[in-house]
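Student: This one is entry.tsv, TSV, C-alpha atoms.
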chain	number	residue	atom	x	y	z
B	23	MET	CA	-2.41	1.03	-8.93
B	24	ALA	CA	1.36	0.98	-9.20
B	25	GLY	CA	1.72	0.27	-5.47
B	26	ALA	CA	-0.06	-3.06	-5.81
B	27	THR	CA	3.30	-4.66	-6.66
B	28	LEU	CA	4.91	-3.74	-3.32
B	29	LEU	CA	3.53	-6.72	-1.39
B	30	GLU	CA	2.47	-10.14	-2.59
B	31	PRO	CA	-1.18	-11.21	-2.01
B	32	ARG	CA	0.01	-14.17	0.10
B	33	LEU	CA	1.91	-11.83	2.42
B	34	LEU	CA	-1.06	-9.47	2.69
B	35	SER	CA	-3.27	-12.34	3.81
B	36	ARG	CA	-0.80	-13.21	6.57
B	37	LEU	CA	-0.43	-9.59	7.64
B	38	GLU	CA	-4.18	-9.42	8.25
B	39	ARG	CA	-3.67	-11.55	11.36
B	40	LEU	CA	-1.23	-9.08	12.93
B	41	GLN	CA	-1.61	-5.81	14.77
B	42	LEU	CA	0.88	-3.17	15.79
B	43	GLY	CA	2.61	-3.72	19.11
B	44	THR	CA	2.81	-0.94	21.70
B	45	ARG	CA	4.36	-0.83	25.15
B	46	ARG	CA	1.90	1.74	26.50
B	47	ARG	CA	-1.88	1.95	26.73
B	48	LEU	CA	-2.73	4.75	24.30
B	49	ALA	CA	-6.07	6.51	23.98
B	50	GLY	CA	-7.38	7.73	20.63
B	51	ALA	CA	-10.43	9.22	19.02
B	52	LEU	CA	-11.59	6.63	16.48
B	53	ALA	CA	-12.98	3.13	16.92
B	54	GLY	CA	-9.77	1.18	16.54
B	55	GLU	CA	-8.76	-2.10	18.12
B	56	HIS	CA	-6.28	-1.15	20.87
B	57	ARG	CA	-7.13	-1.21	24.55
B	58	SER	CA	-7.12	2.10	26.39
B	59	PRO	CA	-7.76	3.21	29.99
B	60	ASN	CA	-10.98	4.93	28.89
B	61	ARG	CA	-14.35	3.27	29.29
B	62	GLY	CA	-16.04	2.84	25.95
B	63	ALA	CA	-18.37	0.59	24.00
B	64	SER	CA	-16.54	-2.60	23.06
B	65	ILE	CA	-17.62	-6.16	23.86
B	66	ASP	CA	-15.36	-6.57	26.93
B	67	PHE	CA	-17.17	-5.89	30.22
B	68	ALA	CA	-15.11	-3.92	32.76
B	69	ASP	CA	-17.26	-2.75	35.71
B	70	TYR	CA	-20.54	-1.20	36.95
B	71	ARG	CA	-21.38	2.27	38.19
B	72	GLN	CA	-24.61	3.83	39.36
B	73	TYR	CA	-26.95	5.24	36.73
B	74	HIS	CA	-27.06	9.03	36.35
B	75	PRO	CA	-29.63	11.03	34.34
B	76	GLY	CA	-28.38	11.36	30.78
B	77	ASP	CA	-26.60	8.00	30.70
B	78	ASP	CA	-27.34	5.67	27.79
B	79	PHE	CA	-30.31	3.61	29.05
B	80	ARG	CA	-29.24	0.75	26.80
B	81	ARG	CA	-26.30	0.14	29.15
B	82	ILE	CA	-28.51	-0.37	32.19
B	83	ASP	CA	-28.29	-3.91	33.58
B	84	TYR	CA	-31.99	-4.71	34.01
B	85	HIS	CA	-31.29	-8.17	35.41
B	86	LEU	CA	-29.30	-6.55	38.21
B	87	TYR	CA	-32.10	-4.00	38.69
B	88	ALA	CA	-34.64	-6.83	39.06
B	89	ARG	CA	-32.52	-8.46	41.79
B	90	LEU	CA	-31.30	-5.41	43.71
B	91	ASP	CA	-33.73	-2.64	42.73
B	92	VAL	CA	-30.74	-0.43	41.84
B	93	LEU	CA	-30.07	1.10	38.44
B	94	MET	CA	-26.49	0.24	37.43
B	95	VAL	CA	-24.77	1.01	34.12
B	96	LYS	CA	-22.36	-1.43	32.50
B	97	LEU	CA	-18.88	-0.13	31.67
B	98	PHE	CA	-16.74	-1.66	28.96
B	99	GLU	CA	-13.08	-1.52	28.01
B	100	ALA	CA	-12.56	1.14	25.37
B	101	GLU	CA	-10.99	0.19	22.08
B	102	ASP	CA	-9.25	3.23	20.60
B	103	ASP	CA	-7.22	4.00	17.54
B	104	LEU	CA	-3.43	4.09	17.43
B	105	THR	CA	-2.02	6.67	15.02
B	106	LEU	CA	0.90	5.19	13.07
B	107	ARG	CA	3.49	7.67	11.79
B	108	LEU	CA	5.76	6.23	9.12
B	109	PHE	CA	8.96	8.29	8.91
B	110	ILE	CA	10.80	7.13	5.77
B	111	ASP	CA	14.33	8.15	4.80
B	112	THR	CA	14.30	9.18	1.12
B	113	SER	CA	17.79	10.67	1.02
B	114	ALA	CA	20.17	9.67	-1.77
B	115	SER	CA	22.03	7.06	0.28
B	116	MET	CA	18.84	4.99	0.39
B	117	SER	CA	19.03	4.57	-3.40
B	118	VAL	CA	22.07	2.31	-3.03
B	119	GLY	CA	21.81	-1.45	-2.64
B	120	GLY	CA	18.00	-1.72	-2.71
B	121	LYS	CA	17.51	-0.01	0.66
B	122	LEU	CA	14.69	2.28	-0.44
B	123	GLN	CA	12.72	-0.57	-2.01
B	124	GLN	CA	13.00	-2.56	1.22
B	125	ALA	CA	11.97	0.55	3.18
B	126	LYS	CA	8.92	0.98	0.93
B	127	ARG	CA	7.85	-2.63	1.43
B	128	LEU	CA	8.31	-2.34	5.21
B	129	ALA	CA	6.28	0.87	5.33
B	130	ALA	CA	3.55	-0.65	3.16
B	131	ALA	CA	3.38	-3.76	5.37
B	132	LEU	CA	3.14	-1.83	8.65
B	133	GLY	CA	0.69	0.63	7.11
B	134	PHE	CA	-1.50	-2.23	5.90
B	135	VAL	CA	-1.53	-3.83	9.36
B	136	ALA	CA	-2.66	-0.49	10.81
B	137	LEU	CA	-5.37	0.20	8.21
B	138	VAL	CA	-6.86	-3.29	8.57
B	139	ARG	CA	-7.21	-2.55	12.30
B	140	ARG	CA	-8.77	0.85	11.51
B	141	ASP	CA	-5.72	2.74	12.81
B	142	PRO	CA	-4.90	6.03	11.02
B	143	VAL	CA	-1.59	6.18	9.13
B	144	THR	CA	0.49	9.24	8.21
B	145	VAL	CA	3.54	9.13	5.96
B	146	HIS	CA	6.49	11.49	6.37
B	147	THR	CA	9.80	11.60	4.53
B	148	PHE	CA	13.13	13.24	5.12
B	149	PRO	CA	14.32	15.50	3.68
B	150	VAL	CA	10.96	17.04	4.63
B	151	ASP	CA	9.43	18.69	1.57
B	152	ARG	CA	5.71	18.77	2.35
B	153	PRO	CA	3.16	17.71	5.02
B	154	GLY	CA	2.63	13.96	5.22
B	155	PRO	CA	-0.69	12.59	3.91
B	156	ARG	CA	-3.11	10.75	6.21
B	157	PHE	CA	-4.82	7.47	5.41
B	158	VAL	CA	-7.72	5.93	7.34
B	159	GLY	CA	-9.52	2.62	6.88
B	160	ARG	CA	-8.88	-0.45	4.77
B	161	SER	CA	-10.29	1.25	1.69
B	162	SER	CA	-7.23	3.55	1.78
B	163	THR	CA	-4.79	0.66	1.33
B	164	TRP	CA	-4.10	1.15	-2.37
B	165	ALA	CA	-3.81	4.92	-2.01
B	166	LEU	CA	-1.22	4.34	0.74
B	167	PHE	CA	0.66	1.82	-1.41
B	168	ASP	CA	0.65	4.16	-4.43
B	169	HIS	CA	1.95	7.04	-2.34
B	170	ILE	CA	4.76	4.95	-0.85
B	171	ASP	CA	5.67	3.38	-4.18
B	172	ALA	CA	6.10	6.82	-5.77
B	173	LEU	CA	8.80	7.87	-3.28
B	174	THR	CA	12.25	8.46	-4.74
B	175	ALA	CA	15.65	8.79	-3.06
B	176	THR	CA	17.42	12.11	-3.54
B	177	GLY	CA	19.13	14.82	-1.53
B	178	ARG	CA	20.87	14.80	1.84
B	179	THR	CA	19.86	13.22	5.15
B	180	THR	CA	18.70	16.13	7.31
B	181	PHE	CA	17.63	13.75	10.05
B	182	ALA	CA	17.68	15.99	13.13
B	183	THR	CA	15.91	18.82	11.25
B	184	ALA	CA	13.27	16.43	9.98
B	185	VAL	CA	12.65	15.07	13.48
B	186	THR	CA	12.16	18.61	14.78
B	187	HIS	CA	9.69	19.24	11.94
B	188	LEU	CA	7.76	16.08	12.79
B	189	LEU	CA	7.61	16.87	16.50
B	190	ALA	CA	6.16	20.30	15.72
B	191	LYS	CA	3.10	18.73	14.12
B	192	PRO	CA	0.00	18.47	16.34
B	193	GLY	CA	-1.62	15.13	17.04
B	194	PRO	CA	-1.79	12.24	19.51
B	195	PRO	CA	1.41	10.43	20.56
B	196	GLY	CA	0.68	7.14	18.77
B	197	LEU	CA	3.47	5.03	17.30
B	198	THR	CA	6.31	6.53	15.23
B	199	VAL	CA	8.32	4.16	13.03
B	200	VAL	CA	11.57	5.51	11.61
B	201	ILE	CA	12.87	3.60	8.57
B	202	SER	CA	16.40	4.69	7.65
B	203	ASP	CA	19.99	3.63	7.03
B	204	LEU	CA	21.00	6.41	9.47
B	205	LEU	CA	24.05	7.23	7.35
B	206	THR	CA	24.34	10.76	8.69
B	207	ASN	CA	26.31	12.54	11.37
B	208	GLU	CA	22.96	13.67	12.80
B	209	TRP	CA	21.67	10.18	13.59
B	210	GLU	CA	22.35	10.34	17.33
B	211	GLU	CA	20.89	13.83	17.78
B	212	GLY	CA	17.80	12.86	15.79
B	213	LEU	CA	17.19	9.69	17.80
B	214	ARG	CA	17.60	11.62	21.04
B	215	ARG	CA	14.85	14.05	19.98
B	216	LEU	CA	12.30	11.54	18.67
B	217	PRO	CA	10.71	10.34	21.94
B	218	ALA	CA	9.93	13.97	22.88
B	219	ARG	CA	6.54	13.63	21.17
B	220	GLY	CA	5.52	10.83	23.51
B	221	GLY	CA	4.06	7.48	22.54
B	222	ASP	CA	6.18	4.63	21.21
B	223	VAL	CA	9.10	4.87	18.81
B	224	VAL	CA	10.51	2.04	16.69
B	225	VAL	CA	13.66	2.50	14.64
B	226	VAL	CA	14.02	0.18	11.65
B	227	HIS	CA	17.69	0.25	10.66
B	228	VAL	CA	17.84	-0.69	6.97
B	229	LEU	CA	21.30	-1.58	5.66
B	230	GLY	CA	22.78	-2.78	2.39
B	231	ARG	CA	25.42	-5.49	2.16
B	232	GLU	CA	27.93	-2.93	0.83
B	233	ASP	CA	27.30	-0.74	3.88
B	234	MET	CA	28.67	-3.47	6.10
B	235	SER	CA	31.16	-5.28	3.86
B	236	PRO	CA	32.48	-3.44	0.77
B	237	SER	CA	33.41	-5.62	-2.19
B	238	LEU	CA	35.82	-3.05	-3.65
B	239	LEU	CA	39.62	-3.27	-3.52
B	240	GLY	CA	42.44	-1.11	-4.81
B	241	ASP	CA	43.05	2.61	-5.31
B	242	LEU	CA	39.69	4.26	-5.88
B	243	ASP	CA	37.87	7.58	-5.93
B	244	LEU	CA	34.67	7.14	-3.89
B	245	VAL	CA	31.84	9.62	-4.46
B	246	ASP	CA	29.35	10.55	-1.74
B	247	VAL	CA	25.93	10.12	-3.37
B	248	GLU	CA	24.41	12.84	-1.18
B	249	THR	CA	27.04	15.57	-1.41
B	250	GLY	CA	28.83	14.65	-4.64
B	251	ARG	CA	32.21	14.96	-2.95
B	252	SER	CA	34.96	12.60	-4.07
B	253	VAL	CA	37.46	10.96	-1.71
B	254	ALA	CA	40.58	9.06	-2.81
B	255	VAL	CA	41.02	5.80	-0.88
B	256	SER	CA	43.26	2.78	-1.01
B	257	LEU	CA	41.34	-0.36	-0.05
B	258	SER	CA	43.46	-3.35	0.89
B	259	PRO	CA	41.97	-6.51	2.47
B	260	GLU	CA	43.26	-5.27	5.84
B	261	VAL	CA	41.56	-1.87	5.42
B	262	VAL	CA	38.28	-3.53	4.43
B	263	ALA	CA	38.48	-5.86	7.45
B	264	SER	CA	39.03	-2.84	9.71
B	265	TYR	CA	36.06	-1.07	8.11
B	266	GLU	CA	33.86	-4.12	8.70
B	267	ARG	CA	34.74	-4.11	12.40
B	268	ASP	CA	34.02	-0.39	12.65
B	269	ALA	CA	30.70	-0.85	10.84
B	270	LEU	CA	29.60	-3.54	13.29
B	271	GLU	CA	30.56	-1.35	16.24
B	272	TRP	CA	28.60	1.55	14.74
B	273	VAL	CA	25.50	-0.58	14.24
B	274	ASP	CA	25.72	-1.68	17.88
B	275	ARG	CA	26.07	1.97	18.98
B	276	VAL	CA	22.92	2.84	17.04
B	277	ALA	CA	21.00	0.07	18.80
B	278	THR	CA	22.32	1.14	22.20
B	279	ARG	CA	21.43	4.80	21.54
B	280	CYS	CA	17.91	3.80	20.48
B	281	ARG	CA	17.35	1.82	23.68
B	282	HIS	CA	18.74	4.60	25.85
B	283	ALA	CA	16.29	6.98	24.17
B	284	GLY	CA	13.41	4.62	24.98
B	285	ALA	CA	12.93	3.41	21.41
B	286	ALA	CA	12.70	-0.16	20.17
B	287	VAL	CA	15.11	-1.04	17.36
B	288	VAL	CA	15.13	-3.73	14.70
B	289	ARG	CA	17.70	-4.23	11.96
B	290	ILE	CA	17.06	-5.53	8.47
B	291	MET	CA	19.23	-5.92	5.40
B	292	ALA	CA	17.97	-4.69	2.05
B	293	ASP	CA	17.86	-8.24	0.68
B	294	ASP	CA	16.36	-9.93	3.75
B	295	ASP	CA	13.08	-11.81	3.39
B	296	LEU	CA	10.40	-9.39	4.58
B	297	GLU	CA	7.83	-12.01	5.56
B	298	ARG	CA	10.33	-13.89	7.69
B	299	ALA	CA	11.35	-10.65	9.43
B	300	LEU	CA	7.80	-9.51	10.19
B	301	LEU	CA	6.49	-12.87	11.32
B	302	GLY	CA	9.66	-13.87	13.15
B	303	GLY	CA	12.03	-11.53	14.93
B	304	TRP	CA	9.75	-8.50	14.78
B	305	ARG	CA	7.12	-10.30	16.83
B	306	THR	CA	9.79	-11.09	19.42
B	307	ALA	CA	10.82	-7.43	19.45
B	308	GLY	CA	7.20	-6.37	19.99
B	309	VAL	CA	6.87	-4.34	16.80
B	310	VAL	CA	3.90	-6.47	15.74
B	311	ARG	CA	1.90	-9.13	17.52
Rewrite the coordinates I just gave you, this time as structure tokens.
Tutor:
Amino acid sequence: MAGATLLEPRLLSRLERLQLGTRRRLAGALAGEHRSPNRGASIDFADYRQYHPGDDFRRIDYHLYARLDVLMVKLFEAEDDLTLRLFIDTSASMSVGGKLQQAKRLAAALGFVALVRRDPVTVHTFPVDRPGPRFVGRSSTWALFDHIDALTATGRTTFATAVTHLLAKPGPPGLTVVISDLLTNEWEEGLRRLPARGGDVVVVHVLGREDMSPSLLGDLDLVDVETGRSVAVSLSPEVVASYERDALEWVDRVATRCRHAGAAVVRIMADDDLERALLGGWRTAGVVR
């Protein structure tokens, strides 16, 4: 079980207390732990209605029948599943600065929270090379971890194409979590398309320290890890300072675009403490609760 090293046992025990946050009431098909508008068979009483032939006689309130001589059936709040779609960027840029490893740990943590609550999990990557596998139930935890741990970063970020591919797949709306550095010209188009499936969308913007503040100076040939193209640059302290300002503005534009598209957005650096992020700011953002 190679994936067993992704998350520490202490963190797993704390994650067991969480569940995925959603801003809508979503109905599903399995017996999960999320409220839905449907009437089902959980422990929370909702209302009565008159008995009709064929109804489950075990739901008849016989105490009420003894008092009123009327057969009434108890209705309960349904508890349905929430399908979690993990959409992980495995393009070559994610191999730099520990971003992919942080993305793997984030995906494993959110997937574990879902599986503990009996919510189905599917894993998708871009570039899209094959259908994403589906995991259901806590017993699937290590299979999920192994699958995520085996992901490698290579190729180009075909974000908008991958989003179109994902939206074409059948299934309930659920919750889609995009984990990416969004270092592509397609980032805005892709984010604009994502909510078309319905349900909730969360964008996890994973960044490396070098993405925001390069440590290089001088005359250099920089190579794009995704295309292999080389660009000659001259990096003075003033140029680096200008880049840092542009990078911050870009990150803010990403967040604004996400919110305009109806998606929640959280930002995390590749070397940030994962437990502190999940149990702190992410709760405030509503990603988990």
Student: Considering all atoms listed in the file, return as a list in words whatever protein or nucleic-acid residues lie within 12 Å of B:Asp171, sequence-local ones (same chain, fewer than 6 positions apart) excluded.
Tutor: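 Neighbouring residues, sequence-local ones excluded: Met23, Ala24, Gly25, Ala26, Thr27, Leu28, Leu29, Ile110, Thr112, Leu122, Gln123, Gln124, Ala125, Lys126, Arg127, Leu128, Ala129, Ala130, Val145, Trp164 and Ala165 of chain B.
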Student: Check the smallest atom-to-atom distance from each of B:Asp295, B:Arg36, B:Val223, B:Met234 to B:Arg267 using all atoms listed in the file, then report the winner.
Tutor: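 Distance minimum relative to B:Arg267 lands on B:Met234.
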Student: Around (15.3, 4.6, 24.9) in the file's own coordinates, what residues are found within 10 Å if you use all atoms listed in the file, given back as number ranges by chain?
Tutor: B: 213-214, 216-217, 222-224, 277-287
Student: Which one of B:Gly120, B:Gly303, B:Gly159, B:Gly154 sits closest to B:Val138 if you count all atoms listed in the file?
Tutor: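 Checking each of B:Gly120, B:Gly303, B:Gly159, B:Gly154 against B:Val138, counting all atoms listed in the file, the winner is B:Gly159.
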Student: I need the residue nearest B:Met116 from this list: B:Ala182, B:Ile170, B:Ala292, B:Val276. Use all atoms listed in the file for the distance.
Tutor: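 Closest residue, counting all atoms listed in the file: B:Ala292.
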Student: So, counting all atoms listed in the file, which residue among B:Arg89, B:Glu260, B:Ala131, B:Leu238 is closest to B:Ala299?
Tutor: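 Among the listed residues, B:Ala131 lies closest to B:Ala299.
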Student: So, counting only C-alpha atoms, which residue among B:Asp111, B:Glu210, B:Asp141, B:Asp243 is closest to B:Trp272?
Tutor: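 Using only C-alpha atoms, the shortest distance to B:Trp272 belongs to B:Glu210.
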Student: Which of these residues is nearest to B:Leu229, using only C-alpha atoms: B:Val118, B:Leu166, B:Leu37, B:Val253?
Tutor: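 Nearest candidate to B:Leu229 out of B:Val118, B:Leu166, B:Leu37, B:Val253: B:Val118.
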Student: Residues at most 12 Å from B:Leu244, counting all atoms listed in the file, excluding those fewer than 6 positions away in the same chain, as a VMD selection string?
Tutor: chain B and resid 236 238 250 to 257
Student: One decimal, Å: what's the distance from atom CA of B:Asp294 over to atom CA of B:Leu108, could you say?
Tutor: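 Between atom CA of B:Asp294 and atom CA of B:Leu108 the gap is 20.1 Å.
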Student: One decimal, Å: what's the distance from atom CA of B:Thr163 over to atom CA of B:Phe134, could you say?
Tutor: 6.3 Å
Student: What is the distance, in Å and to one decimal place, between atom CA of B:Arg178 and atom CA of B:Arg107?
Tutor: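 Computed distance, atom CA of B:Arg178 to atom CA of B:Arg107, equals 21.3 Å.
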Student: Would you compute an axis-aligned box for stretch 192-209 of chain B, covering every atom listed for it in the file with 5 Å of margin on each side, and report centre and edge lengths in Å to one decimal as JSON?
Tutor:
{"center_x": 12.3, "center_y": 11.0, "center_z": 13.8, "size_x": 38.1, "size_y": 24.9, "size_z": 23.5}
Student: Where atoms are absent from stretch 206-240 of chain B, fill them in so it carries N, CA and C atoms, then output it as a compact mmCIF listing (two decimals), in the frame of the given file.
Tutor:
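Wrote result_27.txt, looks like this:
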# COMPACT_ATOMS: atom_id res chain seq x y z
N THR B 206 24.24 9.32 8.51
CA THR B 206 24.34 10.76 8.69
C THR B 206 24.99 11.05 10.03
N ASN B 207 25.70 12.15 10.09
CA ASN B 207 26.31 12.54 11.37
C ASN B 207 25.27 12.96 12.39
N GLU B 208 24.02 13.19 11.92
CA GLU B 208 22.96 13.67 12.80
C GLU B 208 22.17 12.54 13.45
N TRP B 209 22.54 11.28 13.17
CA TRP B 209 21.67 10.18 13.59
C TRP B 209 21.44 10.17 15.11
N GLU B 210 22.50 10.42 15.88
CA GLU B 210 22.35 10.34 17.33
C GLU B 210 21.49 11.49 17.86
N GLU B 211 21.70 12.69 17.35
CA GLU B 211 20.89 13.83 17.78
C GLU B 211 19.43 13.62 17.42
N GLY B 212 19.17 13.10 16.22
CA GLY B 212 17.80 12.86 15.79
C GLY B 212 17.09 11.83 16.65
N LEU B 213 17.79 10.73 16.96
CA LEU B 213 17.19 9.69 17.80
C LEU B 213 16.91 10.21 19.20
N ARG B 214 17.78 11.07 19.70
CA ARG B 214 17.60 11.62 21.04
C ARG B 214 16.34 12.49 21.11
N ARG B 215 16.01 13.16 20.00
CA ARG B 215 14.85 14.05 19.98
C ARG B 215 13.52 13.31 19.79
N LEU B 216 13.55 12.19 19.09
CA LEU B 216 12.30 11.54 18.67
C LEU B 216 11.31 11.26 19.79
N PRO B 217 11.70 10.67 20.91
CA PRO B 217 10.71 10.34 21.94
C PRO B 217 10.06 11.56 22.59
N ALA B 218 10.50 12.77 22.26
CA ALA B 218 9.93 13.97 22.88
C ALA B 218 8.44 14.11 22.60
N ARG B 219 7.96 13.55 21.49
CA ARG B 219 6.54 13.63 21.17
C ARG B 219 5.71 12.78 22.11
N GLY B 220 6.28 11.78 22.71
CA GLY B 220 5.52 10.83 23.51
C GLY B 220 5.12 9.63 22.66
N GLY B 221 4.45 8.68 23.26
CA GLY B 221 4.06 7.48 22.54
C GLY B 221 5.25 6.55 22.37
N ASP B 222 5.13 5.61 21.45
CA ASP B 222 6.18 4.63 21.21
C ASP B 222 6.96 4.98 19.96
N VAL B 223 8.23 4.65 19.96
CA VAL B 223 9.10 4.87 18.81
C VAL B 223 9.80 3.56 18.47
N VAL B 224 9.77 3.20 17.19
CA VAL B 224 10.51 2.04 16.69
C VAL B 224 11.44 2.53 15.59
N VAL B 225 12.69 2.17 15.68
CA VAL B 225 13.66 2.50 14.64
C VAL B 225 13.97 1.24 13.85
N VAL B 226 13.69 1.29 12.55
CA VAL B 226 14.02 0.18 11.65
C VAL B 226 15.29 0.57 10.91
N HIS B 227 16.39 -0.07 11.24
CA HIS B 227 17.69 0.25 10.66
C HIS B 227 17.88 -0.61 9.42
N VAL B 228 17.73 0.01 8.25
CA VAL B 228 17.84 -0.69 6.97
C VAL B 228 19.26 -0.52 6.43
N LEU B 229 19.92 -1.62 6.13
CA LEU B 229 21.30 -1.58 5.66
C LEU B 229 21.48 -2.42 4.41
N GLY B 230 22.39 -2.00 3.55
CA GLY B 230 22.78 -2.78 2.39
C GLY B 230 24.02 -3.60 2.70
N ARG B 231 24.24 -4.65 1.93
CA ARG B 231 25.42 -5.49 2.16
C ARG B 231 26.71 -4.68 2.00
N GLU B 232 26.73 -3.74 1.05
CA GLU B 232 27.93 -2.93 0.83
C GLU B 232 28.18 -1.97 1.99
N ASP B 233 27.12 -1.60 2.71
CA ASP B 233 27.30 -0.74 3.88
C ASP B 233 28.15 -1.42 4.94
N MET B 234 28.00 -2.72 5.04
CA MET B 234 28.67 -3.47 6.10
C MET B 234 29.95 -4.16 5.64
N SER B 235 30.01 -4.52 4.35
CA SER B 235 31.16 -5.28 3.86
C SER B 235 31.42 -4.91 2.40
N PRO B 236 32.20 -3.86 2.15
CA PRO B 236 32.48 -3.44 0.77
C PRO B 236 33.17 -4.53 -0.04
N SER B 237 32.80 -4.62 -1.30
CA SER B 237 33.41 -5.62 -2.19
C SER B 237 34.54 -5.03 -3.01
N LEU B 238 34.82 -3.73 -2.84
CA LEU B 238 35.82 -3.05 -3.65
C LEU B 238 37.22 -3.21 -3.05
N LEU B 239 38.22 -3.23 -3.93
CA LEU B 239 39.62 -3.27 -3.52
C LEU B 239 40.44 -2.40 -4.47
N GLY B 240 41.55 -1.88 -3.96
CA GLY B 240 42.44 -1.11 -4.81
C GLY B 240 42.38 0.38 -4.54
